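Chemist: Here you go, this is input27.txt (compact mmCIF, C-alpha atoms).
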```txt
# COMPACT_ATOMS: atom_id res chain seq x y z
CA MET A 7 2.38 47.75 -44.73
CA SER A 8 5.86 46.40 -45.40
CA GLY A 9 6.96 47.38 -41.87
CA THR A 10 4.01 45.55 -40.32
CA GLN A 11 4.78 42.16 -41.87
CA PRO A 12 8.26 41.76 -40.31
CA LYS A 13 6.78 42.68 -36.90
CA SER A 14 4.01 40.15 -37.37
CA ARG A 15 6.49 37.45 -38.30
CA LEU A 16 8.70 38.39 -35.35
CA ASN A 17 5.73 38.11 -33.00
CA LYS A 18 4.89 34.66 -34.34
CA VAL A 19 8.50 33.55 -33.95
CA MET A 20 8.53 34.84 -30.37
CA GLU A 21 5.27 33.03 -29.62
CA ILE A 22 6.70 29.77 -30.96
CA LEU A 23 9.91 30.21 -28.95
CA LEU A 24 7.97 30.94 -25.78
CA TRP A 25 5.74 27.94 -26.40
CA LEU A 26 8.79 25.70 -26.92
CA ALA A 27 10.43 27.08 -23.78
CA GLY A 28 7.26 26.37 -21.78
CA LEU A 29 7.06 22.85 -23.19
CA GLY A 30 10.70 22.27 -22.29
CA MET A 31 10.11 23.42 -18.69
CA PHE A 32 7.06 21.14 -18.45
CA ALA A 33 9.08 18.16 -19.67
CA GLU A 34 11.88 18.98 -17.23
CA ASN A 35 9.42 19.17 -14.32
CA ILE A 36 8.01 15.74 -15.23
CA PHE A 37 11.54 14.34 -15.37
CA LEU A 38 12.41 15.82 -11.96
CA PHE A 39 9.15 14.53 -10.48
CA GLN A 40 9.91 11.01 -11.71
CA GLN A 41 13.44 11.21 -10.32
CA ASN A 42 12.18 12.38 -6.93
CA ARG A 43 9.56 9.63 -6.89
CA ARG A 44 12.16 6.94 -7.64
CA LEU A 45 14.39 8.35 -4.89
CA SER A 46 11.49 8.38 -2.41
CA GLU A 47 10.63 4.79 -3.29
CA ALA A 48 14.22 3.71 -2.81
CA LEU A 49 14.43 5.43 0.59
CA ALA A 50 10.99 4.32 1.85
CA PRO A 51 11.52 1.94 4.77
CA GLN A 52 10.31 -1.64 4.47
CA ILE A 53 9.20 -3.54 7.55
CA THR A 54 11.43 -6.57 8.05
CA VAL A 55 11.55 -9.81 10.04
CA GLY A 56 12.92 -9.21 13.54
CA THR A 57 11.51 -5.70 13.87
CA GLN A 58 10.32 -5.00 17.42
CA LEU A 59 6.94 -3.28 17.30
CA GLN A 60 5.68 -1.23 20.21
CA MET A 61 2.98 1.28 21.09
CA LEU A 62 1.06 0.84 17.82
CA ALA A 63 -2.23 2.67 17.41
CA GLY A 64 -4.73 3.82 14.82
CA ILE A 65 -8.05 5.58 14.50
CA ALA A 66 -11.11 3.37 15.08
CA PHE A 67 -14.36 4.04 13.25
CA ASP A 68 -15.86 5.82 16.23
CA GLY A 69 -13.05 8.37 15.99
CA ARG A 70 -11.03 7.13 18.97
CA LEU A 71 -7.29 6.58 18.89
CA GLU A 72 -7.14 2.87 19.64
CA PRO A 73 -3.95 1.17 20.86
CA VAL A 74 -3.04 -2.19 19.33
CA ALA A 75 -2.78 -5.04 21.81
CA LEU A 76 0.35 -6.97 20.87
CA PRO A 77 0.35 -10.77 21.27
CA ALA A 78 1.13 -12.45 24.55
CA ALA A 79 3.39 -15.51 24.67
CA GLY A 80 1.99 -18.29 22.50
CA SER A 81 -0.27 -15.94 20.51
CA LYS A 82 0.04 -14.44 17.05
CA LEU A 83 -1.27 -11.30 15.34
CA LEU A 84 -1.48 -10.86 11.57
CA ILE A 85 -1.34 -7.21 10.51
CA ILE A 86 -2.43 -6.43 6.96
CA THR A 87 -1.34 -2.97 5.83
CA PHE A 88 -3.12 -1.43 2.86
CA SER A 89 -4.43 1.66 1.11
CA PRO A 90 -7.90 1.74 -0.48
CA GLY A 91 -6.45 3.45 -3.56
CA CYS A 92 -3.61 0.96 -4.05
CA PRO A 93 -4.04 -1.43 -7.04
CA ALA A 94 -1.67 -4.00 -5.49
CA CYS A 95 -3.78 -3.99 -2.31
CA ARG A 96 -7.00 -4.52 -4.27
CA ALA A 97 -5.33 -7.39 -6.13
CA ASN A 98 -4.51 -9.05 -2.79
CA GLN A 99 -7.97 -8.54 -1.29
CA ASP A 100 -9.61 -11.88 -2.17
CA GLY A 101 -6.58 -13.79 -0.91
CA TRP A 102 -6.50 -11.75 2.29
CA MET A 103 -10.17 -12.46 2.96
CA ARG A 104 -9.59 -16.20 2.56
CA LEU A 105 -6.55 -16.00 4.81
CA ALA A 106 -8.44 -14.04 7.47
CA SER A 107 -11.22 -16.63 7.46
CA THR A 108 -8.68 -19.46 7.79
CA LEU A 109 -6.79 -17.79 10.65
CA GLU A 110 -10.00 -17.01 12.51
CA GLU A 111 -10.51 -20.78 12.84
CA LYS A 112 -7.00 -21.01 14.31
CA SER A 113 -7.66 -18.19 16.81
CA VAL A 114 -5.10 -15.92 15.14
CA ARG A 115 -6.23 -12.31 15.31
CA VAL A 116 -6.18 -10.39 12.02
CA LEU A 117 -5.86 -6.60 12.12
CA TRP A 118 -6.26 -4.44 9.02
CA VAL A 119 -4.36 -1.13 9.10
CA SER A 120 -5.12 1.49 6.45
CA ARG A 121 -2.75 4.39 5.96
CA ASP A 122 -5.64 6.51 4.65
CA PRO A 123 -8.37 8.54 6.42
CA ILE A 124 -11.36 6.95 8.12
CA GLU A 125 -14.08 7.76 5.56
CA ILE A 126 -12.11 6.43 2.58
CA THR A 127 -11.23 3.32 4.56
CA ARG A 128 -14.82 2.82 5.72
CA ASP A 129 -16.10 2.77 2.13
CA TYR A 130 -13.44 0.24 1.16
CA CYS A 131 -14.22 -2.02 4.12
CA LEU A 132 -17.95 -2.01 3.46
CA LYS A 133 -17.37 -2.76 -0.22
CA HIS A 134 -15.16 -5.77 0.54
CA GLY A 135 -16.99 -7.15 3.56
CA MET A 136 -14.22 -6.35 6.07
CA ARG A 137 -15.11 -6.01 9.73
CA LEU A 138 -14.85 -2.42 10.89
CA SER A 139 -14.03 -3.71 14.38
CA ASP A 140 -10.89 -5.37 12.97
CA THR A 141 -9.70 -2.27 11.09
CA LEU A 142 -7.79 0.86 12.05
CA ALA A 143 -7.01 3.84 9.83
CA ASP A 144 -4.95 7.02 9.63
CA PRO A 145 -2.36 5.89 12.19
CA PRO A 146 -0.03 8.33 13.98
CA TYR A 147 3.48 8.74 12.63
CA ARG A 148 5.04 6.35 15.16
CA THR A 149 2.84 3.52 13.89
CA PHE A 150 3.14 4.65 10.25
CA ALA A 151 6.93 4.42 10.48
CA GLN A 152 7.10 1.13 12.39
CA LEU A 153 4.75 -0.65 9.98
CA GLY A 154 6.50 0.78 6.92
CA LEU A 155 3.24 2.24 5.62
CA ALA A 156 5.07 4.26 3.00
CA ARG A 157 5.02 0.92 1.13
CA VAL A 158 1.88 -1.16 0.96
CA PRO A 159 0.63 -3.85 0.83
CA ASN A 160 2.35 -5.90 3.51
CA THR A 161 1.13 -9.00 5.34
CA VAL A 162 2.95 -9.10 8.66
CA LEU A 163 2.92 -11.89 11.25
CA VAL A 164 3.70 -10.64 14.75
CA GLY A 165 4.62 -12.89 17.65
CA ALA A 166 5.15 -12.44 21.37
CA GLU A 167 6.33 -9.04 22.59
CA GLY A 168 5.61 -7.52 19.20
CA ARG A 169 8.45 -9.12 17.27
CA VAL A 170 7.86 -9.50 13.53
CA GLU A 171 8.18 -13.16 12.54
CA GLN A 172 7.22 -13.08 8.86
CA VAL A 173 6.62 -10.47 6.17
CA TRP A 174 4.94 -11.14 2.83
CA ALA A 175 5.52 -7.93 0.91
CA GLY A 176 3.69 -6.51 -2.05
CA ARG A 177 1.23 -7.96 -4.51
CA LEU A 178 1.32 -11.75 -4.24
CA ASP A 179 1.27 -14.22 -7.11
CA GLN A 180 -0.08 -17.76 -6.78
CA ALA A 181 3.26 -19.09 -5.54
CA GLY A 182 3.28 -16.39 -2.85
CA TRP A 183 -0.21 -17.33 -1.65
CA ASN A 184 0.74 -21.02 -1.64
CA THR A 185 3.77 -20.26 0.52
CA MET A 186 1.70 -18.22 2.93
CA PHE A 187 -1.11 -20.74 3.34
CA THR A 188 1.43 -23.54 3.72
CA TYR A 189 3.18 -21.56 6.45
CA PHE A 190 -0.06 -21.55 8.43
CA GLY A 191 -0.50 -25.28 7.96
CA GLU A 192 -3.10 -25.07 5.22
CA ARG A 193 -3.13 -27.00 1.97
CA GLN A 194 -2.09 -24.98 -1.04
CA ARG A 195 -5.13 -23.45 -2.66
CA GLU A 196 -5.92 -21.41 -5.72
CA VAL A 197 -6.53 -17.76 -4.93
CA PRO A 198 -8.42 -15.69 -7.52
CA LEU A 199 -5.93 -13.21 -8.92
CA ALA A 200 -6.83 -9.87 -10.44
CA GLY A 201 -6.27 -10.07 -14.19
CA ASN A 202 -4.19 -12.74 -15.87
CA SER A 203 -2.28 -14.75 -13.25
CA ASN A 204 0.68 -14.99 -15.59
CA SER A 205 1.06 -11.23 -15.56
CA VAL A 206 0.98 -10.80 -11.79
CA SER A 207 4.39 -9.87 -10.49
CA LYS A 208 5.40 -10.63 -6.94
CA GLY A 209 6.54 -7.77 -4.72
CA VAL A 210 4.75 -4.91 -6.49
CA THR A 211 3.91 -2.22 -3.94
CA CYS A 212 2.18 1.16 -3.78
CA HIS A 213 4.24 4.05 -2.42
CA PHE A 214 3.05 6.96 -0.35
```
Please re-express this file's structure in structure tokens.

Modeler:
Amino acid sequence: MSGTQPKSRLNKVMEILLWLAGLGMFAENIFLFQQNRRLSEALAPQITVGTQLQMLAGIAFDGRLEPVALPAAGSKLLIITFSPGCPACRANQDGWMRLASTLEEKSVRVLWVSRDPIEITRDYCLKHGMRLSDTLADPPYRTFAQLGLARVPNTVLVGAEGRVEQVWAGRLDQAGWNTMFTYFGERQREVPLAGNSNSVSKGVTCHF
């Protein structure tokens, strides 16, 4: 009996040590994951003013790969890049819808580009009243890279020959919306913001 007790205690000690070692490895993996994520975010390209876009395309809702017609001289194209699962994109949605309606009256084409697959994007579009004919999804890598889809949301104004003229990056606060609407010659207007407007931080993005 006396020989059994030390073995039992030893087994318990070993179990505790193994459990602590496993917990330590788990914590280390979380730390490494967070480090890698921060590094990926820092390295993710951001679309910038002056970028020359070319040969953009995405998947239409009939399954075709559809090329994007870039603006001719004197025309503009607004490209809104988003992900249905991105909180910053959902926070921008009401403002985007108002902007799209405003630009439609000015004959500025608005194109929505989702980095996610068709079915997920379709559900999001139907939920938010977005035209499927104005939306592309799951773009090829060339388009993904040019539009900086590793970081969304972005609201990108494209001019003649595909040159980027303006970029409004991330989740917009009221001042950001005011600046954007003013740029397009509209009076500043209140845009419903998700949550408390005082807590909305400009530039927040969702990373791939």

Chemist: Nearest to Pro145 of chain A: which of A:Glu167, A:Glu21, A:Asp129, A:Asp122 is it, counting all atoms listed in the file?

Modeler: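 Distance minimum relative to Pro145 of chain A lands on A:Asp122.
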
Chemist: Counting all atoms listed in the file, what is within 6 Å of segment 75-86 of chain A, bar same-chain residues fewer than 4 positions away, as JSON, numbers by chain?

Modeler: {"A": [114, 115, 116, 117, 118, 160, 161, 162, 163, 164, 165, 166, 168]}

Chemist: Smallest atom-to-atom distance to Leu155 of chain A: which of A:Gly101, A:Gly135, A:Gly30, A:Gly176, using all atoms listed in the file?

Modeler: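 Answer, going by the shortest atom-to-atom distance: A:Gly176.
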
Chemist: Measure the distance from atom CA of Arg148 of chain A to atom CA of Pro51 of chain A in Å and round it to one decimal.

Modeler: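 Separation between atom CA of Arg148 of chain A and atom CA of Pro51 of chain A: 13.0 Å.
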
Chemist: When distances are computed from only C-alpha atoms, which of A:Gly154, A:Pro146, A:Pro123, A:Pro93 shows the smallest separation from Arg177 of chain A?

Modeler: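 Looking only at the distances to Arg177 of chain A, the closest residue turns out to be A:Pro93.
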
Chemist: Rounded to one decimal in Å, what is the spacing between atom CA of Ser139 of chain A and atom CA of Val119 of chain A?

Modeler: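 Spanning atom CA of Ser139 of chain A to atom CA of Val119 of chain A is a straight-line distance of 11.3 Å.
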
Chemist: Mind pulling up the distance from atom CA of Ala156 of chain A to atom CA of Ser120 of chain A?

Modeler: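 That distance, rounded to one decimal, is 11.1 Å.
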
Chemist: When distances are computed from all atoms listed in the file, which of A:Ser14, A:Ala94, A:Leu24, A:Leu105 shows the smallest separation from Asn184 of chain A?

Modeler: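 Among A:Ser14, A:Ala94, A:Leu24, A:Leu105, it is A:Leu105 that comes nearest to Asn184 of chain A.
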
Chemist: Pick out the closest residue to Cys92 of chain A from this set: A:Ile65, A:Val210, A:Ile22, A:Leu29. Count all atoms listed in the file.

Modeler: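 Nearest candidate to Cys92 of chain A out of A:Ile65, A:Val210, A:Ile22, A:Leu29: A:Val210.
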
Chemist: Taking into account all atoms listed in the file, which residue in the set A:Gln52, A:Gln99, A:Gln180, A:Ser89 is nearest to Leu142 of chain A?

Modeler: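 Checking each candidate against Leu142 of chain A, we get A:Ser89 as the closest.
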
Chemist: Hey, can you pull every residue with an atom no more than 7 Å from (-4.9, -10.3, -3.9), using all atoms listed in the file, and send it as a ChimeraX atom specification?

Modeler: /A:95-102,177-178,199-200

Chemist: Generate the output file for the selected residues, C-alpha atoms, as an mmCIF file, in the frame of the given file.

Modeler:
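Okay, this is what ended up in out.cif:
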```cif
data_model
loop_
_atom_site.group_PDB
_atom_site.id
_atom_site.type_symbol
_atom_site.label_atom_id
_atom_site.label_comp_id
_atom_site.auth_asym_id
_atom_site.auth_seq_id
_atom_site.Cartn_x
_atom_site.Cartn_y
_atom_site.Cartn_z
ATOM 1 C CA CYS A 95 -3.780 -3.990 -2.310
ATOM 2 C CA ARG A 96 -7.000 -4.520 -4.270
ATOM 3 C CA ALA A 97 -5.330 -7.390 -6.130
ATOM 4 C CA ASN A 98 -4.510 -9.050 -2.790
ATOM 5 C CA GLN A 99 -7.970 -8.540 -1.290
ATOM 6 C CA ASP A 100 -9.610 -11.880 -2.170
ATOM 7 C CA GLY A 101 -6.580 -13.790 -0.910
ATOM 8 C CA TRP A 102 -6.500 -11.750 2.290
ATOM 9 C CA ARG A 177 1.230 -7.960 -4.510
ATOM 10 C CA LEU A 178 1.320 -11.750 -4.240
ATOM 11 C CA LEU A 199 -5.930 -13.210 -8.920
ATOM 12 C CA ALA A 200 -6.830 -9.870 -10.440
#
```
